[in-house]
Number of protein chains: 8
Amino acid sequence: MIKFDHTRKARIGLPESVFCEHKSAAMLDEIITQLVEDTARPTLFTRLDAAKFAALDPALAARLDYHPLSRTAFLNGVHDDQGPGRVAIITAGTSDLPVAWEALRTLEHLGLQGTLIPDVGVAGLWRLQERLEEINAHQVIIALAGMDGAMISVIAGLTSRPVIGVPTSVGYGVSAQGLTALNSMLASCSPGVVVVNIDNGYGAACAASRVLRGVRHVPE
Amino acid sequence: MIKFDHTRKARIGLPESVFCEHKSAAMLDEIITQLVEDTARPTLFTRLDAAKFAALDPALAARLDYHPLSRTAFLNGVHDDQGPGRVAIITAGTSDLPVAWEALRTLEHLGLQGTLIPDVGVAGLWRLQERLEEINAHQVIIALAGMDGAMISVIAGLTSRPVIGVPTSVGYGVSAQGLTALNSMLASCSPGVVVVNIDNGYGAACAASRVLRGVRHVPE
Amino acid sequence: MIKFDHTRKARIGLPESVFCEHKSAAMLDEIITQLVEDTARPTLFTRLDAAKFAALDPALAARLDYHPLSRTAFLNGVHDDQGPGRVAIITAGTSDLPVAWEALRTLEHLGLQGTLIPDVGVAGLWRLQERLEEINAHQVIIALAGMDGAMISVIAGLTSRPVIGVPTSVGYGVSAQGLTALNSMLASCSPGVVVVNIDNGYGAACAASRVLRGVRHVPE
Amino acid sequence: MIKFDHTRKARIGLPESVFCEHKSAAMLDEIITQLVEDTARPTLFTRLDAAKFAALDPALAARLDYHPLSRTAFLNGVHDDQGPGRVAIITAGTSDLPVAWEALRTLEHLGLQGTLIPDVGVAGLWRLQERLEEINAHQVIIALAGMDGAMISVIAGLTSRPVIGVPTSVGYGVSAQGLTALNSMLASCSPGVVVVNIDNGYGAACAASRVLRGVRHVPE
Amino acid sequence: MIKFDHTRKARIGLPESVFCEHKSAAMLDEIITQLVEDTARPTLFTRLDAAKFAALDPALAARLDYHPLSRTAFLNGVHDDQGPGRVAIITAGTSDLPVAWEALRTLEHLGLQGTLIPDVGVAGLWRLQERLEEINAHQVIIALAGMDGAMISVIAGLTSRPVIGVPTSVGYGVSAQGLTALNSMLASCSPGVVVVNIDNGYGAACAASRVLRGVRHVPE
Amino acid sequence: MIKFDHTRKARIGLPESVFCEHKSAAMLDEIITQLVEDTARPTLFTRLDAAKFAALDPALAARLDYHPLSRTAFLNGVHDDQGPGRVAIITAGTSDLPVAWEALRTLEHLGLQGTLIPDVGVAGLWRLQERLEEINAHQVIIALAGMDGAMISVIAGLTSRPVIGVPTSVGYGVSAQGLTALNSMLASCSPGVVVVNIDNGYGAACAASRVLRGVRHVPE
Amino acid sequence: MIKFDHTRKARIGLPESVFCEHKSAAMLDEIITQLVEDTARPTLFTRLDAAKFAALDPALAARLDYHPLSRTAFLNGVHDDQGPGRVAIITAGTSDLPVAWEALRTLEHLGLQGTLIPDVGVAGLWRLQERLEEINAHQVIIALAGMDGAMISVIAGLTSRPVIGVPTSVGYGVSAQGLTALNSMLASCSPGVVVVNIDNGYGAACAASRVLRGVRHVPE
Amino acid sequence: MIKFDHTRKARIGLPESVFCEHKSAAMLDEIITQLVEDTARPTLFTRLDAAKFAALDPALAARLDYHPLSRTAFLNGVHDDQGPGRVAIITAGTSDLPVAWEALRTLEHLGLQGTLIPDVGVAGLWRLQERLEEINAHQVIIALAGMDGAMISVIAGLTSRPVIGVPTSVGYGVSAQGLTALNSMLASCSPGVVVVNIDNGYGAACAASRVLRGVRHVPE
């Protein structure tokens with residue numbers, strides 16, 4: 001019997017999700033069984049790869065709204081909170097899309113709106129500059145890049161919005177499964193950049209939710 | 001002749017600051033000379049240690065409002081923008097105070113209000129729980145910790161506010177000058193934590209400013 | 001012909017076990033053949049994954065009491081020493097269960113009693129606080145966590161019991177296969193925490209045995 | 001005003017200590033001033049190097065019982081609890097003595113008895129074997145080594161006592177300020193070894209206290 | 001067409017071997033075809049795993065004397081030089097056997113005699129001490145260990161022979177695929193230990209050959 | 001007596017220089033004495049810091065044309081080869097100037113022309129764009145940056161010139177003394193970037209010389 | 001819809017290529033579909049392994065000129081620019097051939113000529129010396145080596161040509177997937193070596209193109 | 001009272017030495033006092049830097065034969081054993097001399113003969129080739145290099161002698177205090193190279209002694 005943190009949403013504004021990477025299909029079946037009848041509790045499953053999804057009990061799997069590219073699934077729908085703002089998700093390249101979609105799906109689960117703006121990496125700087133106005137029409141920017149992570153410094157030097165960097169494990173050799181992008185973002189020459197773990201599209205979306213919802217809870 | 005990014009504040013809401021760590025006193029003298037007459041342009045100097053401050057041209061040094069603990073200085077006063085919110089700066093221990101003060105001074109430079117709440121590390125959990133309501137009365141939380149960085153996960157599990165983690169280089173051995181606290185924060189089991197570079201109180205304050213000011217620029 | 005350390009139990013109170021990870025099925029068949037007739041000598045096999053177990057000689061495999069989740073097997077039963085105390089095994093999350101079970105099975109092999117208390121990670125702090133009294137009713141605490149390893153600092157700040165931290169390889173990116181949890185535990189801000197290798201549930205149980213049995217051997 | 005965790009001893013059996021490494025002399029003066037009149041509260045100061053001790057306010061420094069080799073100081077005496085057992089502190093070489101003395105002084109502060117047995121490194125194995133009986137007459141063993149950390153595996157293969165490894169930053173090149181000794185101890189081929197942070201004599205003594213005092217609190 | 005270093009044996013006493021790990025079966029087929037007719041030139045193939053061996057052209061594979069455990073193969077027999085001495089190959093555990101056999105097979109290829117003495121790891125010190133005289137009857141000692149690599153320091157403290165340490169990738173977690181054993185051996189507290197790359201049984205045997213043959217070439 | 005590689009210039013187009021970092025003042029005095037009379041042989045000294053320069057024999061020091069910011073000195077003038085092109089040296093910030101000057105001085109020593117274009121880091125992108133035409137009027141670009149090293153990807157996406165990246169040790173925390181800038185440059189998303197060691201302004205200038213002189217030696 | 005950087009060739013002399021490693025076959029099908037009709041735009045695909053190539057839509061795959069060893073493919077032919085020079089690609093060993101071929105194919109794609117000179121590693125120094133004149137008949141040298149990367153220092157000490165080092169992931173243990181070769185090249189004792197990422201044959205060829213074409217664009 | 005391993009020389013052919021790096025002057029005074037009267041026991045002190053030597057009790061320091069460059073001292077003379085062979089100590093550059101001299105002094109202490117052959121690094125390959133015959137006239141080769149460590153692969157490809165690599169901490173940036181040279185030597189493409197810790201001239205000399213003396217102890 002799994003012990004859920006069912007008061008998490010009331011406490012911090014974010015419900016508990018299920019991180020599937022280290023759990024066997026059998027464990028996940030047990031978790032879904034526990035959660036499935038509580039239809040008022042939409043739950044997000046992350047890092048659920050296609051092979052593990054295929055290994056689930058078919059009757060339980062049928063209850064999931066599964067999205068292979070992002071490796072996410074919704075159980076019992078999504079939260080229908082009215083989102084207070086919009087989030088731009090920009091990527092340096094096409095290879096960053098799986099993580100970008102994890103962020104998009106998490107926003108959807110949380111009842112927030114996200115816009116995906118891919119392929120604005122700085123090797124071709126004009127692509128980012130061309131879409132700057134569109135990006136700035138959002139309230140929070142989630143910026144994904146692998147390899148050198150250089151895009152984050154450029155965008156943060158061009159916008160006043162909060163910029164949440166998500167290093168991706170795109171690249172090879174010294175890219176080190178995203179570590180160079182991570183360190184590059186943390187050491188950004190542009191001020192006020194914040195960063196989450198490598199490939200953590202989920203965490204970036206949660207952070208955007210804190211910015212959009214957590215700030216406004218304060219009576220002024 | 002140094003080339004400043006004088007349009008930065010208009011562009012991104014944050015003025016260019018002077019990072020002193022790798023600059024000689026002679027370079028800094030030249031920088032101050034360039035900036036000192038432009039009294040409408042408050043400028044922040046960071047990581048200006050006491051020895052380097054003492055090596056400045058005394059006439060120029062006299063123009064600085066220097067704060068040794070935080071290693072920061074103000075030139076031409078601070079920005080008097082009306083801040084839209086308040087920032088709580090919490091620390092795990094007393095050893096984190098220099099970085100906490102760098103964040104506080106940066107907030108002051110930017111015209112924002114910060115409250116310092118020290119010594120709420122989780123080895124004595126009651127200290128954090130005792131002050132939780134006070135912390136939650138702020139709109140953004142900057143959380144500093146060295147060693148294990150564990151406080152960030154606990155506070156992020158107790159509040160809906162945006163939580164900006166600042167790992168500090170406090171500790172020895174495997175603490176690795178803050179690297180363990182950094183990684184621990186990035187790998188936090190609590191959702192939506194964001195992180196800046198080790199000892200980067202300046203960056204955390206800039207990020208808080210983006211959250212408080214950058215979000216509201218969007219017409220809805 | 002393998003050379004066993006058959007005097008180990010008499011010498012240090014812990015019998016030699018068989019670490020299977022780098023041994024081929026053929027090597028293991030040879031080892032089991034050597035050990036199987038010595039029915040007075042219960043032996044533990046660790047890190048025996050399901051594929052390797054399936055590759056063993058069926059006649060030999062039938063002599064093993066195999067437990068897939070923990071990847072352990074008993075040969076010739078377990079030690080029936082009367083255990084002098086009880087060990088609490090607490091986990092931050094469900095993903096830590098395989099390692100927790102390795103510790104539980106090792107305790108069983110050694111004739112000691114363990115209690116599994118899962119899902120008390122600090123993202124939802126109330127779960128740990130709710131079960132603190134139950135945890136403290138044990139004499140030694142084995143605490144497992146991956147990711148940030150933060151739970152160890154919180155529990156060690158709440159109990160006077162010996163706390164043996166077991167970092168697990170749960171997480172991704174900077175979690176670095178458990179290295180961040182390991183370093184976080186070693187750098188714990190709570191005093192007197194001790195740590196074993198990543199995923200080393202076996203070692204933690206052996207250490208608990210040293211605490212429960214090794215200390216009392218001293219005539220006072 | 002520093003916020004102490006004054007209930008720590010009641011809660012976990014270990015009083016809060018003052019870690020001096022990252023604190024300025026001015027901060028320490030403030031801390032001593034807060035603590036000095038509370039003469040019923042013996043406090044330990046760790047990693048207080050000679051230069052910083054010399055920079056303290058002389059009137060306050062005079063209240064400290066300072067021990068340069070171990071970089072520790074006692075304020076308001078030591079705890080006079082009746083210790084339930086004895087701890088052997090063994091070192092591989094003479095260079096490990098400063099950390100060994102930090103452990104010894106911490107034991108004294110906690111009211112426990114320790115015996116120092118230096119220079120039993122395995123390059124000359126006879127030295128350890130010659131003193132094995134003496135070592136085993138203690139209830140807990142704290143074992144310090146730098147460089148290869150090999151002594152820990154040998155002693156743990158010869159005794160049933162709990163063995164707490166303390167890697168020291170002795171060595172150069174690949175010794176990596178104690179990291180190799182740390183990893184070697186964590187990867188020990190002998191079962192049931194537990195380890196603390198590099199140079200953490202303080203933590204090892206606290207762990208020994210948990211073993212000697214924390215275990216017996218349980219009613220059986 | 002591959003370019004061989006056919007003068008290597010005349011130049012340095014060691015013939016060129018074929019390192020198979022990064023070569024496709026097709027490349028190896030081409031290499032064997034080039035070498036196979038030169039029957040006076042015995043050639044050693046290393047790190048040729050079973051899957052790659054199975055993928056070779058069967059007619060060519062039939063010309064190889066393949067040994068799966070060590071992943072080595074002989075082509076055109078072995079060198080029949082009269083070896084001037086004997087080499088002891090000692091291992092800490094059974095898991096080190098594949099690398100030990102790579103060393104043994106390399107010695108055989110070079111016309112030297114080796115004796116395998118397994119399972120003398122220091123967790124059970126008596127095993128090493130029991131066989132010390134036998135080990136010392138050899139002129140060079142190749143010592144293999146994974147995990148903590150502690151055996152190397154113990155044996156080097158007990159013998160005057162040259163000791164060549166071979167760290168193996170046995171272990172998990174901080175063992176780091178042999179890196180901890182490597183560093184532990186390099187940082188050995190015993191004087192005069194030399195080390196080769198992780199799992200490099202081939203290199204250790206070549207080094208033994210240099211010691212046994214290279215030294216004697218000098219007219220005195 | 002030092003053994004110089006006096007044929008190096010004839011062989012590879014670059015004379016041997018003296019790397020001072022690990023040499024004592026006494027060693028350098030000996031080297032200068034050997035070289036000083038050979039007035040046809042201009043020699044460059046690199047990484048000669050002010051303290052070491054001050055410790056040289058004054059009579060010998062007087063023969064050096066010393067430049068403190070770059071820590072370089074010329075002995076016997078510079079090479080007066082007619083340089084075939086011009087090199088732009090661009091820096092992200094003011095803190096990169098010491099390394100930029102090492103490159104400039106090396107170019108001067110080699111008889112090549114360099115132009116310093118500082119402060120064009122991408123936090124304020126307009127600065128780089130404003131000077132792009134000027135930069136492109138050079139034949140080779142040496143680009144220096146610390147922290148995130150992001151400038152290299154942006155400039156390489158805007159120019160067809162060879163771009164030689166020089167990571168500098170500017171920054172703190174994850175900047176890791178230039179390692180993050182190095183890795184970021186090596187993992188650049190812009191094609192055809194090449195990189196030298198951290199702070200290696202000397203090597204970058206030598207590489208520029210190879211490009212400008214080495215290529216043209218080929219008869220077509 | 002992917003956003004290509006179609007102005008890249010006009011801007012920097014190098015067209016955008018498609019890096020396939022992190023893209024699914026479905027993504028690649030979409031990319032090929034977008035590009036296939038634009039027959040005037042030759043496009044290079046890199047790191048397209050055989051399994052992924054086999055998973056492409058057969059009709060699209062048929063449009064590719066695929067080369068398995070180098071994992072590259074051409075779409076719409078190659079650029080027929082008249083190359084201004086020739087590039088020597090030298091390798092330390094046979095295992096470096098896949099990366100060497102990636103460089104060769106990239107040169108072909110760019111309309112440049114390359115010559116492959118394999119197996120000139122320094123373990124048999126005569127092989128490099130024997131072919132030095134042939135190597136020097138080229139204008140740029142791309143030098144590939146794994147393991148110790150030592151060849152780069154030797155060749156750079158023998159030629160005045162630009163030398164572009166490509167570390168390869170050949171080796172095991174401390175070779176660390178090419179990191180040791182990379183660092184060895186960056187720390188080369190020979191002056192003016194430049195380096196690209198591990199296994200980055202593509203980048204080395206692009207850098208060669210910058211040297212051969214980018215330099216000559218400057219009017220003098 | 002220090003516990004010496006006085007039987008070490010009888011046991012392994014190498015006497016115990018005193019490693020001074022982590023010992024205070026006071027500790028060293030105590031050690032010298034213990035050893036000084038035992039005039040039949042020549043003792044070597046290593047890593048005794050000039051400042052620490054100057055801090056010794058002058059009466060004791062006067063008993064030492066101190067050599068600043070190598071940071072070694074002899075007490076009670078040297079061993080007058082008749083050495084059975086000669087050792088060549090070759091260095092890549094002048095900066096390696098302190099470590100080379102540590103090896104030379106250790107050989108002298110052990111009663112062995114060494115020849116120093118400096119400045120034969122491979123950037124100027126002719127220097128090594130010019131002296132190859134002289135080098136080969138020795139029975140063992142100790143080869144020192146920092147930076148890329150490339151010399152070791154070249155010399156090992158040219159000689160049949162045992163080659164003991166000593167990486168030195170010469171270099172900067174990625175040289176990483178000798179780590180790159182160490183890894184490069186361990187990953188050498190030349191067979192049979194053995195390696196000691198960074199800057200460990202002492203260990204290399206001890207290993208040479210094992211080769212020269214330890215091998216011959218075997219009756220054949």
# chains A, B, ... in the order shown; residues from 1 in each chain; ligands from 1
>>> closest_atom_pairs(of="chain G", to="chain A", cutoff="7 Å", atoms="only C-alpha atoms", output="JSON lines")
{"residue": "G:Lys3", "atom": "CA", "partner": "A:Asp119", "partner_atom": "CA", "distance": 5.8}
{"residue": "G:Asp5", "atom": "CA", "partner": "A:Gly124", "partner_atom": "CA", "distance": 5.9}
{"residue": "G:Arg8", "atom": "CA", "partner": "A:Gly124", "partner_atom": "CA", "distance": 6.9}
{"residue": "G:His22", "atom": "CA", "partner": "A:Ser95", "partner_atom": "CA", "distance": 5.5}
{"residue": "G:Lys23", "atom": "CA", "partner": "A:Ser95", "partner_atom": "CA", "distance": 5.6}
{"residue": "G:Asn197", "atom": "CA", "partner": "A:Gly173", "partner_atom": "CA", "distance": 6.2}
{"residue": "G:Ile198", "atom": "CA", "partner": "A:Gly173", "partner_atom": "CA", "distance": 4.9}
>>> write_last_selection(atoms="N, CA and C atoms", output="PDB file, in the first residue's frame")
ATOM      1  N   LYS G   3      11.742  24.377 -37.910  1.00  0.00           N
ATOM      2  CA  LYS G   3      12.197  25.685 -38.380  1.00  0.00           C
ATOM      3  C   LYS G   3      13.680  25.578 -38.739  1.00  0.00           C
ATOM      4  N   ASP G   5      17.374  26.809 -40.360  1.00  0.00           N
ATOM      5  CA  ASP G   5      18.178  28.041 -40.458  1.00  0.00           C
ATOM      6  C   ASP G   5      18.684  28.132 -41.901  1.00  0.00           C
ATOM      7  N   ARG G   8      21.825  30.027 -43.154  1.00  0.00           N
ATOM      8  CA  ARG G   8      23.115  29.779 -42.502  1.00  0.00           C
ATOM      9  C   ARG G   8      24.284  29.747 -43.492  1.00  0.00           C
ATOM     10  N   HIS G  22      19.329  12.344 -31.170  1.00  0.00           N
ATOM     11  CA  HIS G  22      18.219  12.394 -30.213  1.00  0.00           C
ATOM     12  C   HIS G  22      16.864  12.506 -30.893  1.00  0.00           C
ATOM     13  N   LYS G  23      16.831  12.342 -32.201  1.00  0.00           N
ATOM     14  CA  LYS G  23      15.545  12.477 -32.896  1.00  0.00           C
ATOM     15  C   LYS G  23      15.006  11.097 -33.228  1.00  0.00           C
ATOM     16  N   ASN G 197      34.959  18.772 -29.962  1.00  0.00           N
ATOM     17  CA  ASN G 197      34.339  17.826 -29.029  1.00  0.00           C
ATOM     18  C   ASN G 197      34.719  16.373 -29.386  1.00  0.00           C
ATOM     19  N   ILE G 198      34.590  15.494 -28.427  1.00  0.00           N
ATOM     20  CA  ILE G 198      34.850  14.067 -28.597  1.00  0.00           C
ATOM     21  C   ILE G 198      34.008  13.499 -29.742  1.00  0.00           C
TER      22      ILE G 198
END
>>> select_by_dssp(residues="range 9-200 of chain H", states="strand (DSSP E or B)", output="PyMOL selection string")
chain H and resi 18-19+43-46+64-67+72-75+86-91+113-117+140-145+163-167+194-195
>>> write_last_selection(atoms="C-alpha atoms", output="PDB file, in the first residue's frame")
ATOM      1  CA  VAL H  18      58.731  10.173   6.676  1.00  0.00           C
ATOM      2  CA  PHE H  19      56.071  11.917   4.593  1.00  0.00           C
ATOM      3  CA  THR H  43      65.899   7.826   6.927  1.00  0.00           C
ATOM      4  CA  LEU H  44      64.440   9.822   4.068  1.00  0.00           C
ATOM      5  CA  PHE H  45      62.096  12.774   4.589  1.00  0.00           C
ATOM      6  CA  THR H  46      59.864  13.687   1.634  1.00  0.00           C
ATOM      7  CA  LEU H  64      69.399  16.782   8.165  1.00  0.00           C
ATOM      8  CA  ASP H  65      71.003  16.825   4.721  1.00  0.00           C
ATOM      9  CA  TYR H  66      68.322  18.989   3.123  1.00  0.00           C
ATOM     10  CA  HIS H  67      67.775  19.500  -0.629  1.00  0.00           C
ATOM     11  CA  THR H  72      63.817  15.902   0.607  1.00  0.00           C
ATOM     12  CA  ALA H  73      66.181  15.413   3.512  1.00  0.00           C
ATOM     13  CA  PHE H  74      68.508  12.608   4.597  1.00  0.00           C
ATOM     14  CA  LEU H  75      68.963  11.752   8.274  1.00  0.00           C
ATOM     15  CA  ARG H  86      71.046   1.976 -13.139  1.00  0.00           C
ATOM     16  CA  VAL H  87      67.897   4.053 -13.554  1.00  0.00           C
ATOM     17  CA  ALA H  88      67.322   6.718 -16.192  1.00  0.00           C
ATOM     18  CA  ILE H  89      65.095   9.571 -15.086  1.00  0.00           C
ATOM     19  CA  ILE H  90      63.826  11.445 -18.107  1.00  0.00           C
ATOM     20  CA  THR H  91      61.662  14.571 -18.045  1.00  0.00           C
ATOM     21  CA  GLN H 113      72.284   4.994  -9.195  1.00  0.00           C
ATOM     22  CA  GLY H 114      70.173   7.345 -11.249  1.00  0.00           C
ATOM     23  CA  THR H 115      70.887   9.521 -14.257  1.00  0.00           C
ATOM     24  CA  LEU H 116      68.856  12.640 -14.955  1.00  0.00           C
ATOM     25  CA  ILE H 117      68.052  13.288 -18.611  1.00  0.00           C
ATOM     26  CA  VAL H 140      64.796   0.937 -15.749  1.00  0.00           C
ATOM     27  CA  ILE H 141      63.283   4.180 -17.043  1.00  0.00           C
ATOM     28  CA  ILE H 142      61.382   6.629 -14.898  1.00  0.00           C
ATOM     29  CA  ALA H 143      59.579   9.051 -17.205  1.00  0.00           C
ATOM     30  CA  LEU H 144      58.111  12.315 -15.909  1.00  0.00           C
ATOM     31  CA  ALA H 145      55.706  14.561 -17.753  1.00  0.00           C
ATOM     32  CA  VAL H 163      58.888   2.301 -18.073  1.00  0.00           C
ATOM     33  CA  ILE H 164      57.510   3.839 -14.879  1.00  0.00           C
ATOM     34  CA  GLY H 165      55.430   6.918 -15.638  1.00  0.00           C
ATOM     35  CA  VAL H 166      55.288   9.768 -13.154  1.00  0.00           C
ATOM     36  CA  PRO H 167      52.646  12.346 -14.012  1.00  0.00           C
ATOM     37  CA  VAL H 194      53.059   1.354 -15.396  1.00  0.00           C
ATOM     38  CA  VAL H 195      52.219   4.486 -13.462  1.00  0.00           C
TER      39      VAL H 195
END
>>> select_by_dssp(residues="range 82-214 of chain F", states="helix (DSSP H, G or I)", output="PyMOL selection string")
chain F and resi 94-110+122-130+132-136+151-156+173-186+201-214
>>> residues_around(residues="Leu14 in chain H", least_positions_apart="6", cutoff="9 Å", atoms="only C-alpha atoms", output="PDB file with N, CA, C and O atoms, in the first residue's frame")
ATOM      1  N   SER E 160      58.875  -8.084  -1.162  1.00  0.00           N
ATOM      2  CA  SER E 160      59.848  -7.210  -1.831  1.00  0.00           C
ATOM      3  C   SER E 160      59.734  -7.275  -3.348  1.00  0.00           C
ATOM      4  O   SER E 160      60.449  -6.568  -4.053  1.00  0.00           O
ATOM      5  N   PRO E 191      54.990   1.512  -0.179  1.00  0.00           N
ATOM      6  CA  PRO E 191      55.847   2.143  -1.182  1.00  0.00           C
ATOM      7  C   PRO E 191      56.139   1.249  -2.381  1.00  0.00           C
ATOM      8  O   PRO E 191      56.274   0.039  -2.251  1.00  0.00           O
ATOM      9  N   GLY E 192      56.217   1.891  -3.556  1.00  0.00           N
ATOM     10  CA  GLY E 192      56.715   1.219  -4.739  1.00  0.00           C
ATOM     11  C   GLY E 192      55.693   0.425  -5.516  1.00  0.00           C
ATOM     12  O   GLY E 192      56.062  -0.390  -6.366  1.00  0.00           O
TER      13      GLY E 192
ATOM     14  N   ARG H   8      60.348  -2.912   8.229  1.00  0.00           N
ATOM     15  CA  ARG H   8      59.940  -2.815   6.828  1.00  0.00           C
ATOM     16  C   ARG H   8      61.055  -3.174   5.853  1.00  0.00           C
ATOM     17  O   ARG H   8      60.850  -3.873   4.872  1.00  0.00           O
ATOM     18  N   LEU H 110      68.427   4.952  -1.298  1.00  0.00           N
ATOM     19  CA  LEU H 110      68.321   3.490  -1.352  1.00  0.00           C
ATOM     20  C   LEU H 110      69.610   2.818  -1.814  1.00  0.00           C
ATOM     21  O   LEU H 110      69.690   1.587  -1.884  1.00  0.00           O
ATOM     22  N   CYS H 206      61.073   3.871  -5.566  1.00  0.00           N
ATOM     23  CA  CYS H 206      60.854   2.629  -4.814  1.00  0.00           C
ATOM     24  C   CYS H 206      60.468   1.490  -5.756  1.00  0.00           C
ATOM     25  O   CYS H 206      60.903   0.348  -5.585  1.00  0.00           O
ATOM     26  N   SER H 209      63.434   0.225  -7.434  1.00  0.00           N
ATOM     27  CA  SER H 209      64.183  -0.630  -6.514  1.00  0.00           C
ATOM     28  C   SER H 209      63.580  -2.038  -6.461  1.00  0.00           C
ATOM     29  O   SER H 209      64.309  -3.042  -6.477  1.00  0.00           O
ATOM     30  N   ARG H 210      62.262  -2.116  -6.417  1.00  0.00           N
ATOM     31  CA  ARG H 210      61.617  -3.436  -6.439  1.00  0.00           C
ATOM     32  C   ARG H 210      62.013  -4.203  -7.703  1.00  0.00           C
ATOM     33  O   ARG H 210      62.266  -5.406  -7.668  1.00  0.00           O
TER      34      ARG H 210
END
>>> atom_distance(atom1="CA of His138 in chain B", atom2="CA of Val215 in chain A")
8.5 Å
>>> residues_around(residues="Gly13 in chain B", least_positions_apart="2", cutoff="12 Å", atoms="only C-alpha atoms", output="PyMOL selection string")
(chain A and resi 156-162+190-192) or (chain B and resi 6-11+15-16+79+81+110-111+206-217)
>>> residues_around(residues="Gly201 in chain F", least_positions_apart="6", cutoff="6 Å", atoms="only C-alpha atoms", output="ChimeraX atom specification")
/F:99,102-103
>>> write_last_selection(atoms="C-alpha atoms", output="JSON list (two decimals), in the first residue's frame")
[["chain", "number", "residue", "atom", "x", "y", "z"],
["F", 99, "VAL", "CA", 44.05, 36.43, -21.16],
["F", 102, "GLU", "CA", 48.35, 37.28, -23.43],
["F", 103, "ALA", "CA", 47.00, 36.52, -26.91]]
>>> atom_distance(atom1="CA of Pro58 in chain F", atom2="CA of Asp29 in chain F")
9.6 Å
>>> decode(residues="range 108-113 of chain G", atoms="N, CA, C and O atoms", output="mmCIF file, in the first residue's frame")
data_model
loop_
_atom_site.group_PDB
_atom_site.id
_atom_site.type_symbol
_atom_site.label_atom_id
_atom_site.label_comp_id
_atom_site.auth_asym_id
_atom_site.auth_seq_id
_atom_site.Cartn_x
_atom_site.Cartn_y
_atom_site.Cartn_z
ATOM 1 N N GLU G 108 33.251 16.045 -48.049
ATOM 2 C CA GLU G 108 32.653 15.779 -49.352
ATOM 3 C C GLU G 108 31.363 16.581 -49.522
ATOM 4 O O GLU G 108 31.123 17.203 -50.564
ATOM 5 N N HIS G 109 30.561 16.574 -48.466
ATOM 6 C CA HIS G 109 29.307 17.345 -48.470
ATOM 7 C C HIS G 109 29.573 18.831 -48.719
ATOM 8 O O HIS G 109 28.812 19.517 -49.406
ATOM 9 N N LEU G 110 30.659 19.328 -48.175
ATOM 10 C CA LEU G 110 30.987 20.758 -48.300
ATOM 11 C C LEU G 110 31.743 21.069 -49.584
ATOM 12 O O LEU G 110 32.079 22.234 -49.843
ATOM 13 N N GLY G 111 32.059 20.051 -50.382
ATOM 14 C CA GLY G 111 32.796 20.294 -51.618
ATOM 15 C C GLY G 111 34.295 20.444 -51.410
ATOM 16 O O GLY G 111 34.985 21.068 -52.220
ATOM 17 N N LEU G 112 34.800 19.858 -50.330
ATOM 18 C CA LEU G 112 36.242 19.927 -50.056
ATOM 19 C C LEU G 112 36.853 18.539 -50.191
ATOM 20 O O LEU G 112 36.166 17.527 -50.087
ATOM 21 N N GLN G 113 38.165 18.513 -50.428
ATOM 22 C CA GLN G 113 38.838 17.231 -50.609
ATOM 23 C C GLN G 113 39.573 16.813 -49.337
ATOM 24 O O GLN G 113 40.296 17.606 -48.746
#
